[in-house]
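*Asks:* Sharing protein.cif here; it has mmCIF, C-alpha atoms.
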```cif
data_upload
loop_
_atom_site.label_atom_id
_atom_site.label_comp_id
_atom_site.auth_asym_id
_atom_site.auth_seq_id
_atom_site.Cartn_x
_atom_site.Cartn_y
_atom_site.Cartn_z
CA LYS A 1280 0.00 0.00 0.00
CA MET A 1281 2.82 2.36 0.86
CA SER A 1282 4.39 1.74 -2.57
CA VAL A 1283 1.09 2.39 -4.37
CA MET A 1284 0.58 5.62 -2.39
CA LEU A 1285 4.06 6.84 -3.28
CA GLU A 1286 3.56 6.10 -6.96
CA THR A 1287 0.15 7.83 -6.90
CA SER A 1288 1.57 10.95 -5.25
CA GLU A 1289 4.28 11.15 -7.90
CA LEU A 1290 1.79 11.06 -10.80
CA PRO A 1291 0.88 14.80 -10.71
CA ALA A 1292 4.56 15.69 -10.85
CA VAL A 1293 5.01 13.42 -13.85
CA PHE A 1294 1.99 14.97 -15.57
CA ASP A 1295 3.32 18.48 -14.87
CA GLY A 1296 6.63 17.48 -16.41
CA VAL A 1297 4.90 16.17 -19.51
CA LYS A 1298 2.89 19.41 -19.79
CA LEU A 1299 6.00 21.52 -19.48
CA ALA A 1300 7.76 19.44 -22.10
CA ALA A 1301 4.76 19.76 -24.43
CA VAL A 1302 4.62 23.53 -23.96
CA ALA A 1303 8.35 23.82 -24.57
CA ALA A 1304 8.06 21.73 -27.73
CA ALA A 1305 5.09 23.81 -28.96
CA LEU A 1306 6.97 27.07 -28.37
CA TYR A 1307 9.99 25.70 -30.20
CA VAL A 1308 7.82 24.78 -33.20
CA ILE A 1309 6.19 28.25 -33.18
CA VAL A 1310 9.54 29.99 -33.05
CA ARG A 1311 10.91 27.82 -35.85
CA CYS A 1312 7.84 27.93 -38.10
CA LEU A 1313 6.95 31.57 -37.64
CA ASN A 1314 10.55 32.71 -37.67
CA LEU A 1315 9.97 34.80 -34.55
CA LYS A 1316 13.72 35.11 -34.12
CA SER A 1317 14.01 36.98 -37.39
CA PRO A 1318 16.75 39.58 -37.15
CA THR A 1319 16.10 43.13 -36.12
CA ALA A 1320 18.12 46.10 -37.24
CA PRO A 1321 18.29 49.84 -36.84
CA PRO A 1322 15.90 51.73 -39.14
CA GLU A 1323 17.09 52.42 -42.65
CA LEU A 1324 17.88 56.13 -42.86
CA ILE A 1325 17.91 58.15 -46.07
CA TYR A 1326 19.31 61.65 -45.71
CA GLN A 1327 21.86 64.12 -47.03
CA ASP A 1328 25.04 64.58 -45.05
CA SER A 1329 24.66 67.95 -43.32
CA ALA A 1330 25.26 69.61 -39.98
CA LEU A 1331 21.58 69.08 -39.12
CA ALA A 1332 21.66 65.37 -40.01
CA ARG A 1333 24.81 64.81 -37.96
CA PHE A 1334 23.25 66.60 -35.01
CA LEU A 1335 20.09 64.47 -35.27
CA LEU A 1336 22.03 61.21 -35.43
CA LYS A 1337 23.86 62.25 -32.28
CA SER A 1338 20.79 63.57 -30.45
CA CYS A 1339 18.22 60.91 -31.45
CA PRO A 1340 19.45 57.48 -30.29
CA LEU A 1341 16.28 55.82 -31.64
CA LEU A 1342 17.40 56.61 -35.19
CA THR A 1343 20.48 54.41 -34.92
CA LYS A 1344 19.29 51.86 -32.35
CA GLU A 1345 17.57 48.59 -33.23
CA TYR A 1346 13.79 48.74 -32.98
CA VAL A 1347 12.80 45.45 -31.33
CA PRO A 1348 9.03 44.78 -31.43
CA PRO A 1349 7.32 42.34 -29.03
CA LEU A 1350 8.23 38.76 -29.91
CA ILE A 1351 4.73 37.53 -30.78
CA TRP A 1352 2.96 40.70 -31.91
CA GLY A 1353 5.66 42.32 -33.94
CA LYS A 1354 7.77 39.66 -35.62
CA LEU A 1355 5.50 37.24 -37.45
CA MET A 1356 7.81 37.62 -40.40
CA TRP A 1357 6.70 34.43 -42.09
CA VAL A 1358 4.06 36.62 -43.73
CA LYS A 1359 6.53 39.51 -44.08
CA ILE A 1360 3.95 42.14 -43.16
CA GLY A 1361 2.79 44.00 -40.08
CA HIS A 1362 -0.75 42.62 -39.90
CA ILE A 1363 -0.54 41.90 -36.18
CA GLN A 1364 0.72 45.35 -35.24
CA THR A 1365 -1.80 46.96 -37.59
CA ALA A 1366 -4.65 44.91 -36.12
CA LEU A 1367 -3.54 45.78 -32.60
CA TYR A 1368 -3.60 49.47 -33.48
CA GLY A 1369 -6.84 49.31 -35.45
CA LYS A 1370 -9.05 47.10 -33.31
CA MET A 1371 -7.51 46.59 -29.89
CA GLY A 1372 -5.89 50.00 -29.57
CA ARG A 1373 -3.49 50.41 -26.67
CA VAL A 1374 -3.75 48.66 -23.34
CA ARG A 1375 -3.69 50.85 -20.23
CA SER A 1376 -3.95 54.01 -22.32
CA PRO A 1377 -3.78 57.27 -20.36
CA HIS A 1378 -6.62 59.79 -20.37
CA PRO A 1379 -5.14 63.27 -20.69
CA TYR A 1380 -7.46 66.15 -19.86
CA GLY A 1381 -8.06 68.71 -22.58
CA LEU A 1382 -10.42 71.53 -23.49
CA ARG A 1383 -12.49 71.28 -26.66
CA LYS A 1384 -12.42 74.34 -28.89
CA TYR A 1385 -14.95 75.22 -31.61
CA LEU A 1386 -14.14 77.25 -34.71
CA THR A 1387 -16.69 78.41 -37.29
CA MET A 1388 -15.42 78.03 -40.84
CA PRO A 1389 -16.32 80.45 -43.67
CA ASP A 1390 -18.76 77.92 -45.19
CA GLY A 1391 -20.57 77.42 -41.87
CA ALA A 1392 -18.80 74.19 -40.90
CA THR A 1393 -17.80 73.83 -37.26
CA ALA A 1394 -14.23 72.68 -36.77
CA THR A 1395 -13.25 71.30 -33.38
CA PHE A 1396 -9.93 70.53 -31.75
CA ASP A 1397 -8.80 69.57 -28.27
CA LEU A 1398 -6.17 71.57 -26.41
CA PHE A 1399 -3.86 69.97 -23.83
CA GLU A 1400 -1.50 72.04 -21.70
CA PRO A 1401 2.05 70.82 -20.88
CA GLN A 1402 2.60 68.93 -17.63
CA SER A 1403 6.27 69.85 -17.17
CA GLU A 1404 8.85 72.36 -18.34
CA HIS A 1405 10.15 71.84 -21.85
CA CYS A 1406 13.77 70.74 -22.33
CA ILE A 1407 14.80 74.14 -23.72
CA GLY A 1408 12.61 76.04 -21.28
CA GLU A 1409 10.46 77.64 -23.98
CA ASP A 1410 6.85 77.51 -25.14
CA VAL A 1411 6.41 74.83 -27.82
CA THR A 1412 3.10 73.50 -29.15
CA MET A 1413 2.55 70.30 -31.11
CA VAL A 1414 -0.25 70.71 -33.65
CA ILE A 1415 -1.45 67.20 -34.45
CA CYS A 1416 -3.56 65.79 -37.29
CA PRO A 1417 -4.82 62.18 -36.73
CA GLY A 1418 -5.44 59.44 -39.27
CA ILE A 1419 -8.52 58.83 -41.39
CA ALA A 1420 -11.79 59.46 -39.52
CA ASN A 1421 -9.84 59.77 -36.25
CA HIS A 1422 -9.91 62.33 -33.45
CA SER A 1423 -8.43 63.23 -30.07
CA GLU A 1424 -10.28 60.45 -28.25
CA LYS A 1425 -8.53 57.63 -30.11
CA GLN A 1426 -6.20 55.60 -27.91
CA TYR A 1427 -3.05 56.12 -29.96
CA ILE A 1428 -3.63 59.88 -29.93
CA ARG A 1429 -4.26 59.89 -26.16
CA THR A 1430 -1.07 57.94 -25.56
CA PHE A 1431 1.02 60.24 -27.72
CA VAL A 1432 -0.47 63.42 -26.23
CA ASP A 1433 0.13 62.22 -22.68
CA TYR A 1434 3.79 61.51 -23.47
CA ALA A 1435 4.25 64.84 -25.26
CA GLN A 1436 2.66 66.72 -22.34
CA LYS A 1437 5.04 65.04 -19.91
CA ASN A 1438 7.91 66.26 -22.09
CA GLY A 1439 6.75 69.85 -21.84
CA TYR A 1440 4.71 70.24 -25.03
CA ARG A 1441 1.31 71.86 -25.35
CA CYS A 1442 -0.77 69.76 -27.76
CA ALA A 1443 -3.59 70.75 -30.10
CA VAL A 1444 -5.34 67.80 -31.77
CA LEU A 1445 -7.67 68.28 -34.72
CA ASN A 1446 -10.91 66.29 -34.71
CA HIS A 1447 -11.65 65.45 -38.33
CA LEU A 1448 -14.86 67.07 -39.52
CA GLY A 1449 -17.66 64.56 -38.97
CA ALA A 1450 -15.53 62.01 -37.12
CA LEU A 1451 -16.70 62.69 -33.55
CA PRO A 1452 -19.98 60.82 -32.97
CA ASN A 1453 -21.37 63.48 -30.60
CA ILE A 1454 -20.64 66.51 -32.82
CA GLU A 1455 -23.17 67.29 -35.55
CA LEU A 1456 -22.15 68.73 -38.90
CA THR A 1457 -23.26 72.32 -39.43
CA SER A 1458 -22.64 72.34 -43.18
CA PRO A 1459 -22.96 69.68 -45.91
CA ARG A 1460 -19.25 68.81 -45.89
CA MET A 1461 -16.96 66.31 -44.16
CA PHE A 1462 -13.20 65.97 -43.92
CA THR A 1463 -11.49 64.77 -47.08
CA TYR A 1464 -8.14 63.22 -47.96
CA GLY A 1465 -6.24 66.48 -48.35
CA CYS A 1466 -8.44 69.37 -47.23
CA THR A 1467 -6.31 71.60 -44.97
CA TRP A 1468 -8.97 74.17 -44.01
CA GLU A 1469 -9.70 72.89 -40.50
CA PHE A 1470 -6.06 72.19 -39.69
CA SER A 1471 -5.12 75.66 -40.87
CA ALA A 1472 -7.84 77.21 -38.68
CA MET A 1473 -6.51 75.33 -35.64
CA VAL A 1474 -2.92 76.42 -36.30
CA ASN A 1475 -3.97 80.04 -36.76
CA TYR A 1476 -5.87 79.91 -33.46
CA ILE A 1477 -2.77 78.61 -31.68
CA LYS A 1478 -0.52 81.26 -33.25
CA LYS A 1479 -2.91 84.04 -32.27
CA THR A 1480 -3.66 82.76 -28.75
CA TYR A 1481 -0.03 81.97 -27.92
CA PRO A 1482 2.05 84.60 -29.76
CA GLN A 1483 5.30 83.36 -28.18
CA THR A 1484 4.85 79.68 -28.96
CA GLN A 1485 6.77 77.77 -31.59
CA LEU A 1486 5.19 74.87 -33.44
CA VAL A 1487 5.96 71.22 -34.10
CA VAL A 1488 3.64 69.90 -36.82
CA VAL A 1489 2.72 66.19 -36.56
CA GLY A 1490 0.51 64.04 -38.81
CA PHE A 1491 -0.40 60.36 -38.61
CA SER A 1492 -1.38 58.38 -41.74
CA LEU A 1493 -3.93 60.51 -43.65
CA GLY A 1494 -3.03 63.29 -41.21
CA GLY A 1495 0.53 63.09 -42.52
CA ASN A 1496 -0.72 63.91 -46.00
CA ILE A 1497 -2.74 66.85 -44.69
CA VAL A 1498 0.08 68.42 -42.65
CA CYS A 1499 2.63 68.08 -45.46
CA LYS A 1500 0.21 69.56 -47.96
CA TYR A 1501 -0.59 72.39 -45.53
CA MET A 1502 3.10 73.15 -45.01
CA GLY A 1503 3.80 73.26 -48.74
CA GLU A 1504 0.74 75.30 -49.70
CA SER A 1505 2.23 78.57 -48.48
CA GLN A 1506 5.52 79.81 -47.12
CA ALA A 1507 3.53 81.68 -44.48
CA ASN A 1508 2.31 78.34 -43.12
CA GLN A 1509 5.91 77.52 -42.14
CA GLU A 1510 6.36 80.63 -40.00
CA ARG A 1511 7.15 79.78 -36.35
CA VAL A 1512 7.28 76.06 -37.29
CA LEU A 1513 10.34 74.26 -35.92
CA CYS A 1514 9.78 71.01 -37.80
CA CYS A 1515 7.21 68.73 -39.42
CA VAL A 1516 6.77 64.99 -38.78
CA SER A 1517 4.71 62.58 -40.90
CA VAL A 1518 4.13 58.96 -39.82
CA CYS A 1519 2.82 56.14 -42.07
CA GLN A 1520 1.37 58.17 -44.92
CA GLY A 1521 1.28 57.08 -48.58
CA TYR A 1522 2.19 60.42 -50.24
CA SER A 1523 0.13 59.96 -53.42
CA ALA A 1524 -3.48 58.73 -53.43
CA LEU A 1525 -3.41 58.61 -57.22
CA ARG A 1526 -0.48 56.18 -57.25
CA ALA A 1527 -1.84 54.25 -54.27
CA GLN A 1528 -5.35 53.57 -55.57
CA GLU A 1529 -4.33 50.65 -57.78
CA THR A 1530 -2.32 49.00 -55.02
CA PHE A 1531 -5.21 49.47 -52.59
CA MET A 1532 -7.44 47.33 -54.79
CA GLN A 1533 -4.99 44.42 -54.80
CA TRP A 1534 -5.27 41.38 -52.54
CA ASP A 1535 -1.51 41.33 -52.11
CA GLN A 1536 -0.78 41.75 -48.38
CA CYS A 1537 -4.57 41.87 -47.82
CA ARG A 1538 -4.80 45.54 -48.80
CA ARG A 1539 -8.16 44.93 -50.48
CA PHE A 1540 -9.49 43.57 -47.18
CA TYR A 1541 -8.23 46.61 -45.25
CA ASN A 1542 -9.77 48.78 -47.97
CA PHE A 1543 -13.12 47.11 -47.37
CA LEU A 1544 -12.92 47.57 -43.59
CA MET A 1545 -12.04 51.27 -43.85
CA ALA A 1546 -14.74 51.81 -46.47
CA ASP A 1547 -17.28 50.20 -44.16
CA ASN A 1548 -16.25 52.55 -41.35
CA MET A 1549 -16.46 55.57 -43.65
CA LYS A 1550 -19.93 54.53 -44.78
CA LYS A 1551 -21.13 54.42 -41.18
CA ILE A 1552 -19.75 57.90 -40.49
CA ILE A 1553 -21.25 59.41 -43.65
CA LEU A 1554 -24.62 57.77 -43.05
CA SER A 1555 -24.69 59.08 -39.50
CA HIS A 1556 -24.71 62.57 -41.09
CA ARG A 1557 -26.88 61.72 -44.10
CA GLN A 1558 -29.60 64.27 -43.21
CA VAL A 1559 -27.11 67.15 -43.35
CA LEU A 1560 -25.17 65.78 -46.32
CA PHE A 1561 -28.03 64.51 -48.49
CA GLY A 1562 -31.12 66.30 -47.14
CA ASP A 1563 -32.70 69.51 -48.39
CA ASN A 1564 -29.90 72.02 -47.92
CA PRO A 1565 -29.28 74.96 -50.26
CA LYS A 1566 -25.52 74.72 -49.54
CA LYS A 1567 -25.34 71.07 -50.59
CA PRO A 1568 -23.13 70.51 -53.67
CA GLN A 1569 -25.37 70.25 -56.73
CA SER A 1570 -23.43 67.24 -57.94
CA LEU A 1571 -24.33 65.30 -54.77
CA SER A 1572 -27.62 63.46 -55.34
CA ASP A 1573 -29.85 60.74 -53.91
CA ALA A 1574 -28.35 58.41 -56.50
CA ASP A 1575 -24.96 58.88 -54.80
CA LEU A 1576 -26.55 57.91 -51.48
CA SER A 1577 -27.78 54.69 -53.08
CA LYS A 1578 -24.29 53.98 -54.44
CA LEU A 1579 -22.86 54.61 -50.99
CA TYR A 1580 -24.83 51.72 -49.51
CA THR A 1581 -23.27 49.28 -51.99
CA ALA A 1582 -19.72 50.70 -51.94
CA THR A 1583 -17.01 48.23 -50.95
CA SER A 1584 -13.92 50.42 -51.35
CA LEU A 1585 -12.69 53.86 -50.34
CA MET A 1586 -12.26 54.70 -54.00
CA GLN A 1587 -15.96 54.20 -54.67
CA ILE A 1588 -16.87 56.39 -51.69
CA ASP A 1589 -14.38 59.05 -52.74
CA ASP A 1590 -15.74 59.05 -56.30
CA ASN A 1591 -19.43 59.12 -55.39
CA VAL A 1592 -19.31 61.39 -52.34
CA MET A 1593 -16.04 62.83 -51.01
CA ARG A 1594 -14.68 64.55 -54.14
CA LYS A 1595 -17.99 66.37 -54.63
CA PHE A 1596 -17.62 68.35 -51.39
CA HIS A 1597 -14.93 70.39 -53.15
CA GLY A 1598 -16.24 70.24 -56.72
CA TYR A 1599 -13.66 67.92 -58.28
CA SER A 1600 -14.80 66.66 -61.68
CA SER A 1601 -13.19 63.23 -61.39
CA LEU A 1602 -11.59 60.88 -58.91
CA LYS A 1603 -8.24 61.33 -60.66
CA GLU A 1604 -8.40 65.11 -60.23
CA TYR A 1605 -9.41 64.72 -56.58
CA TYR A 1606 -6.49 62.41 -55.76
CA GLU A 1607 -4.02 64.46 -57.78
CA GLU A 1608 -4.93 67.78 -56.15
CA GLU A 1609 -5.35 66.55 -52.58
CA SER A 1610 -2.11 64.54 -52.32
CA CYS A 1611 0.94 66.13 -50.71
CA LEU A 1612 3.25 64.76 -53.43
CA HIS A 1613 3.43 68.09 -55.26
CA TYR A 1614 3.94 70.10 -52.07
CA LEU A 1615 6.75 68.21 -50.32
CA HIS A 1616 9.53 70.04 -52.18
CA ARG A 1617 8.15 73.37 -50.93
CA ILE A 1618 8.75 72.49 -47.28
CA TYR A 1619 11.92 74.12 -45.99
CA VAL A 1620 11.80 73.38 -42.26
CA PRO A 1621 13.25 70.06 -40.97
CA LEU A 1622 10.97 67.27 -42.20
CA LEU A 1623 10.88 63.73 -40.77
CA LEU A 1624 9.07 61.09 -42.87
CA VAL A 1625 8.49 57.79 -41.04
CA ASN A 1626 7.21 54.57 -42.61
CA ALA A 1627 7.44 50.87 -41.78
CA ALA A 1628 8.74 48.34 -44.30
CA ASP A 1629 5.98 45.91 -43.26
CA ASP A 1630 3.09 48.41 -43.41
CA PRO A 1631 0.29 46.46 -45.15
CA LEU A 1632 -1.49 49.66 -46.24
CA VAL A 1633 1.39 51.51 -47.88
CA HIS A 1634 2.78 49.67 -50.90
CA GLU A 1635 6.55 49.58 -51.15
CA SER A 1636 6.43 51.39 -54.50
CA LEU A 1637 5.12 54.50 -52.72
CA LEU A 1638 8.24 54.64 -50.56
CA SER A 1639 10.25 55.78 -53.57
CA ILE A 1640 8.66 59.22 -53.03
CA PRO A 1641 10.16 59.99 -49.60
CA ARG A 1642 13.38 58.23 -50.57
CA ALA A 1643 13.91 60.44 -53.62
CA LEU A 1644 13.08 63.57 -51.64
CA SER A 1645 15.48 62.64 -48.82
CA GLU A 1646 18.28 62.02 -51.31
CA LYS A 1647 17.95 65.59 -52.65
CA ARG A 1648 16.93 67.79 -49.73
CA GLU A 1649 19.11 68.47 -46.67
CA ASN A 1650 16.11 69.27 -44.47
CA VAL A 1651 14.45 65.87 -45.08
CA MET A 1652 15.12 62.52 -43.41
CA HIS A 1653 13.26 59.30 -44.23
CA VAL A 1654 13.16 56.66 -41.48
CA LEU A 1655 12.20 53.10 -42.42
CA PRO A 1656 12.29 50.41 -39.70
CA LEU A 1657 11.76 46.77 -40.69
CA HIS A 1658 8.77 46.36 -38.39
CA GLY A 1659 5.91 48.51 -37.17
CA GLY A 1660 2.89 47.82 -39.37
CA HIS A 1661 0.53 50.75 -39.83
CA LEU A 1662 0.76 53.02 -36.79
CA GLY A 1663 1.79 50.05 -34.65
CA PHE A 1664 5.47 50.22 -33.64
CA PHE A 1665 4.74 48.42 -30.37
CA GLU A 1666 7.37 47.58 -27.80
CA GLY A 1667 7.28 45.49 -24.64
CA SER A 1668 7.14 41.89 -23.51
CA VAL A 1669 6.17 38.78 -25.47
CA LEU A 1670 2.42 38.96 -24.87
CA PHE A 1671 1.63 42.42 -23.53
CA PRO A 1672 2.92 45.37 -25.56
CA GLU A 1673 3.30 48.70 -23.82
CA PRO A 1674 0.86 51.51 -24.65
CA LEU A 1675 3.81 53.85 -25.30
CA THR A 1676 5.35 52.92 -28.63
CA TRP A 1677 8.61 53.41 -30.51
CA MET A 1678 6.71 55.84 -32.75
CA ASP A 1679 5.63 58.00 -29.81
CA LYS A 1680 9.14 58.17 -28.42
CA LEU A 1681 10.76 58.85 -31.79
CA VAL A 1682 8.52 61.82 -32.61
CA VAL A 1683 9.13 63.45 -29.22
CA GLN A 1684 12.85 62.67 -29.30
CA TYR A 1685 13.15 64.18 -32.79
CA ALA A 1686 11.18 67.27 -31.73
CA ASN A 1687 13.43 67.69 -28.67
CA ALA A 1688 16.52 67.45 -30.88
CA ILE A 1689 15.18 70.05 -33.32
CA CYS A 1690 14.40 72.39 -30.41
CA GLN A 1691 17.97 71.97 -29.15
CA TRP A 1692 19.31 72.53 -32.67
CA GLU A 1693 17.38 75.78 -33.04
CA LYS A 1694 18.49 76.96 -29.60
CA THR A 1695 22.12 76.16 -30.44
CA LYS A 1696 21.88 78.04 -33.74
CA SER A 1697 20.28 81.01 -32.00
CA HIS A 1698 22.94 81.03 -29.27
CA CYS A 1699 25.76 80.86 -31.86
CA SER A 1700 24.20 83.68 -33.84
CA ASP A 1701 23.88 85.86 -30.73
CA THR A 1702 27.50 85.12 -29.79
CA GLU A 1703 28.79 86.01 -33.26
CA GLN A 1704 26.81 89.24 -33.24
CA ALA A 1705 28.19 90.17 -29.79
CA VAL A 1706 31.76 89.52 -30.93
CA SER A 1707 31.45 91.39 -34.21
CA GLY A 1708 29.48 94.22 -32.65
CA PRO A 1709 26.94 96.40 -34.40
CA GLU A 1710 27.68 97.35 -37.99
#
```
Could you render the structure as structure tokens?

*Replies:*
Amino acid sequence: KMSVMLETSELPAVFDGVKLAAVAAALYVIVRCLNLKSPTAPPELIYQDSALARFLLKSCPLLTKEYVPPLIWGKLMWVKIGHIQTALYGKMGRVRSPHPYGLRKYLTMPDGATATFDLFEPQSEHCIGEDVTMVICPGIANHSEKQYIRTFVDYAQKNGYRCAVLNHLGALPNIELTSPRMFTYGCTWEFSAMVNYIKKTYPQTQLVVVGFSLGGNIVCKYMGESQANQERVLCCVSVCQGYSALRAQETFMQWDQCRRFYNFLMADNMKKIILSHRQVLFGDNPKKPQSLSDADLSKLYTATSLMQIDDNVMRKFHGYSSLKEYYEEESCLHYLHRIYVPLLLVNAADDPLVHESLLSIPRALSEKRENVMHVLPLHGGHLGFFEGSVLFPEPLTWMDKLVVQYANAICQWEKTKSHCSDTEQAVSGPE
């Protein structure tokens, strides 16, 4: 009996050992099959050798340091794309996201539209001890309440930045449209109104312009539209944009890397937003574009791509005669070369939404212009760039830290230039 009891008591330990061995074997197979140990590397950097570039490489360690995503979420390189990071950003958002407190501002546009943005004051002194405001434009149909925006704003506040975040026209579910118009791919009117408000309200502040995805297209187009738009701007940062909607439309209809599926999901979201405002957009309104009809509303219900929605609805808000004209005029491609302040263009090599052919645009610009740097990490997906442990990525991402680190470096660069200029003037004396 004693022998039987001993053997029985040892059985759970044996079973636990078998379980552990099975788990270890399963993990080994996953690592081998999914190639989770695929190599990481520092981001690819395209830039012109200049004093500014050398200063940035010295002052921004993230530019030359390996970006290592979470083992499971970020490195499923057997499919060679950032679906997991993109899905985390798009559907799950960020875990443990902060909730920064801001004040909502309302601006009446010339056509009667009501633009809104949220204003967040800094929570600490800035690294150069001056007043600096980040003016931020989110991605498609996004606003200040999105988790990735909240996370970024909280981090920027803690680094001494005031933040102003545009809410795309029609995107907030609790804000009604006051004119028959929504945000579009490249309309800069609302962003411009927000920036002008900041400049007028805070006459001493300097600006850091930041755009995410579609917001990257808007801020770059805004910067290049007028030299006056670059006044008091220290730098501009664009993350995960595609640069040319006209060149991207064909790739966005392809099933390669599941872009057609993402296209369908985003189109479905856009349909819901438009339909939530259908009374203002399609009802009896003398300001409604004459080209927008009930037939377009019917086509909207059956649309399965952003291109169909853009052709039947979005382009008509601004009177474009064709989809080609709309994409050509509203893309930042023809405005990038007019930006003269430091410009950081960030993309991920595994972004499933931005086809690799589009990356030739920032690459070519960075090879010609000393003020431009293109940063291309291997991983990141679309607005993912998660960091952290195997299973639980941190809410603060590599992207958040890079943008703030770059902005800090530019602020230091401008302060150094200003100090050197003052010193030279003191030595030389008045003319």

*Asks:* With a distance cut-off of 9 Å and all atoms listed in the file, select the neighbouring residues of Ser1376 in chain A, excluding the residue or stretch itself and same-chain residues fewer than 4 positions from it, and output the selection as an MDAnalysis selection string.

*Replies:* chainID A and resid 1372 1426:1427 1429:1430 1674:1675

*Asks:* Can you work out the spacing between CA of Leu1612 in chain A and CA of Tyr1464 in chain A in Å, to one decimal?

*Replies:*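 CA of Tyr1464 in chain A lies at a distance of 12.7 Å from CA of Leu1612 in chain A.
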
*Asks:* Show which residues sit within 9 Å of range 1538-1545 of chain A, as an NGL selection string. Count all atoms listed in the file, and ignore same-chain residues fewer than 3 positions away.

*Replies:* :A and (1419 or 1530-1535 or 1548-1550 or 1582-1586 or 1631-1634)

*Asks:* Pick the closest to Ala1420 in chain A from A:Leu1445, A:Leu1622, A:Leu1386, A:Val1516: which is it, counting all atoms listed in the file?

*Replies:*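 Checking each of A:Leu1445, A:Leu1622, A:Leu1386, A:Val1516 against Ala1420 in chain A, counting all atoms listed in the file, the winner is A:Leu1445.
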
*Asks:* With all atoms listed in the file as the basis for distance, which of A:Ser1645, A:Ser1492, A:Gln1485, A:Asn1687 is at the shortest distance from Gln1327 in chain A?

*Replies:*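 With all atoms listed in the file as the atom set, the closest residue is A:Ser1645.
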
*Asks:* When distances are computed from all atoms listed in the file, which of A:Gly1381, A:Gly1598, A:Pro1389, A:Pro1401 shows the smallest separation from Thr1457 in chain A?

*Replies:*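 Using all atoms listed in the file, Thr1457 in chain A sits closest to A:Pro1389.
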
*Asks:* Between A:Arg1526, A:Lys1680, A:Arg1383, A:Lys1478, which residue has the minimum interatomic distance to Glu1424 in chain A, considering all atoms listed in the file?

*Replies:*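 Selected residue with least distance to Glu1424 in chain A: A:Arg1383.
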
*Asks:* If we draw a sphere of 6 Å around (19.2, 64.0, -42.8), which residues have at least one atom in it when counting all atoms listed in the file? Please report them as a ChimeraX atom specification.

*Replies:* /A:1326-1327,1332,1649,1651-1652

*Asks:* So, counting all atoms listed in the file, which residue among A:Ile1588, A:Val1474, A:Met1461, A:Ala1688 is closest to Val1512 in chain A?

*Replies:*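 Ranked by minimum distance to Val1512 in chain A, first place goes to A:Val1474.
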
*Asks:* Could you check how far CA of Phe1431 in chain A sits from CA of Phe1671 in chain A, in Å to one decimal?

*Replies:*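 Between these atoms lies a distance of 18.3 Å.
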
*Asks:* Which residues, written as a ChimeraX atom specification, have at least one atom at most 12 Å from Thr1484 in chain A, with all atoms listed in the file counted and residues fewer than 4 positions away on the same chain left out?

*Replies:* /A:1405,1408-1414,1440-1442,1474-1480,1510-1513

*Asks:* Kindly resolve the PyMOL selection byres ((chain A and resi 1690) around 9) on the present coordinates and return the residues as an NGL selection string.

*Replies:* :A and (1406-1407 or 1411 or 1513-1514 or 1685-1689 or 1691-1695)

*Asks:* Find the distance between CA of Leu1637 in chain A and CA of Glu1529 in chain A and write it in Å to one decimal.

*Replies:* 11.4 Å

*Asks:* Residues picked by the PyMOL selection byres ((chain A and resi 1458) around 7) here, as a VMD selection string?

*Replies:* chain A and resid 1391 to 1392 1456 to 1457 1459 to 1460 1559

*Asks:* Rank nothing, just name the residue among A:Thr1395, A:Ser1471, A:Ser1572, A:Asn1453 nearest to Ser1555 in chain A, using only C-alpha atoms.

*Replies:*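 Smallest separation from Ser1555 in chain A among the options: A:Asn1453.
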
*Asks:* Applying the PyMOL selection byres ((chain A and resi 1450) around 7) to the file I just gave you, which residues come out? Please list them as a list of chain:residue names.

*Replies:* A:Ala1420, A:Asn1421, A:His1422, A:Asn1446, A:His1447, A:Leu1448, A:Gly1449, A:Leu1451, A:Pro1452, A:Ile1552

*Asks:* Please provide the set of residues having any atom within 10 Å of range 1592-1595 of chain A, restricted to only C-alpha atoms, with same-chain residues fewer than 5 positions apart removed, written as an NGL selection string.

*Replies:* :A and (1460-1464 or 1553 or 1560 or 1567-1572 or 1575-1576 or 1578-1579 or 1585-1587 or 1600-1606 or 1609)

*Asks:* Counting all atoms listed in the file, select every polymer residue within 10 Å of (9.8, 62.3, -43.0) as defined in the file's coordinates, and provide the selection as an MDAnalysis selection string.

*Replies:* chainID A and resid 1325:1326 1495 1499 1515:1520 1615 1621:1626 1641:1642 1644:1645 1650:1655

*Asks:* Need to verify the contact set: Leu1657 in chain A, 7 Å, all atoms listed in the file, exclusion of same-chain residues closer than 3 positions in sequence. Can you return it as a list in words?

*Replies:*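 The residues that qualify are Pro1322, Ala1627, Ala1628 and Asp1629 of chain A.
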
*Asks:* Could you please fill out range 1591-1595 of chain A with N, CA and C atoms and send it back as an mmCIF file, in the coordinates of the input?

*Replies:*
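Listing of selection08.cif after writing:
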```
data_model
loop_
_atom_site.group_PDB
_atom_site.id
_atom_site.type_symbol
_atom_site.label_atom_id
_atom_site.label_comp_id
_atom_site.auth_asym_id
_atom_site.auth_seq_id
_atom_site.Cartn_x
_atom_site.Cartn_y
_atom_site.Cartn_z
ATOM 1 N N ASN A 1591 -18.003 58.810 -55.442
ATOM 2 C CA ASN A 1591 -19.430 59.120 -55.390
ATOM 3 C C ASN A 1591 -19.803 60.220 -54.397
ATOM 4 N N VAL A 1592 -18.936 60.436 -53.387
ATOM 5 C CA VAL A 1592 -19.310 61.390 -52.340
ATOM 6 C C VAL A 1592 -18.210 62.406 -52.050
ATOM 7 N N MET A 1593 -17.036 61.936 -51.613
ATOM 8 C CA MET A 1593 -16.040 62.830 -51.010
ATOM 9 C C MET A 1593 -15.524 63.910 -51.953
ATOM 10 N N ARG A 1594 -15.228 63.556 -53.199
ATOM 11 C CA ARG A 1594 -14.680 64.550 -54.140
ATOM 12 C C ARG A 1594 -15.668 65.666 -54.423
ATOM 13 N N LYS A 1595 -16.956 65.399 -54.274
ATOM 14 C CA LYS A 1595 -17.990 66.370 -54.630
ATOM 15 C C LYS A 1595 -18.120 67.494 -53.599
#
```
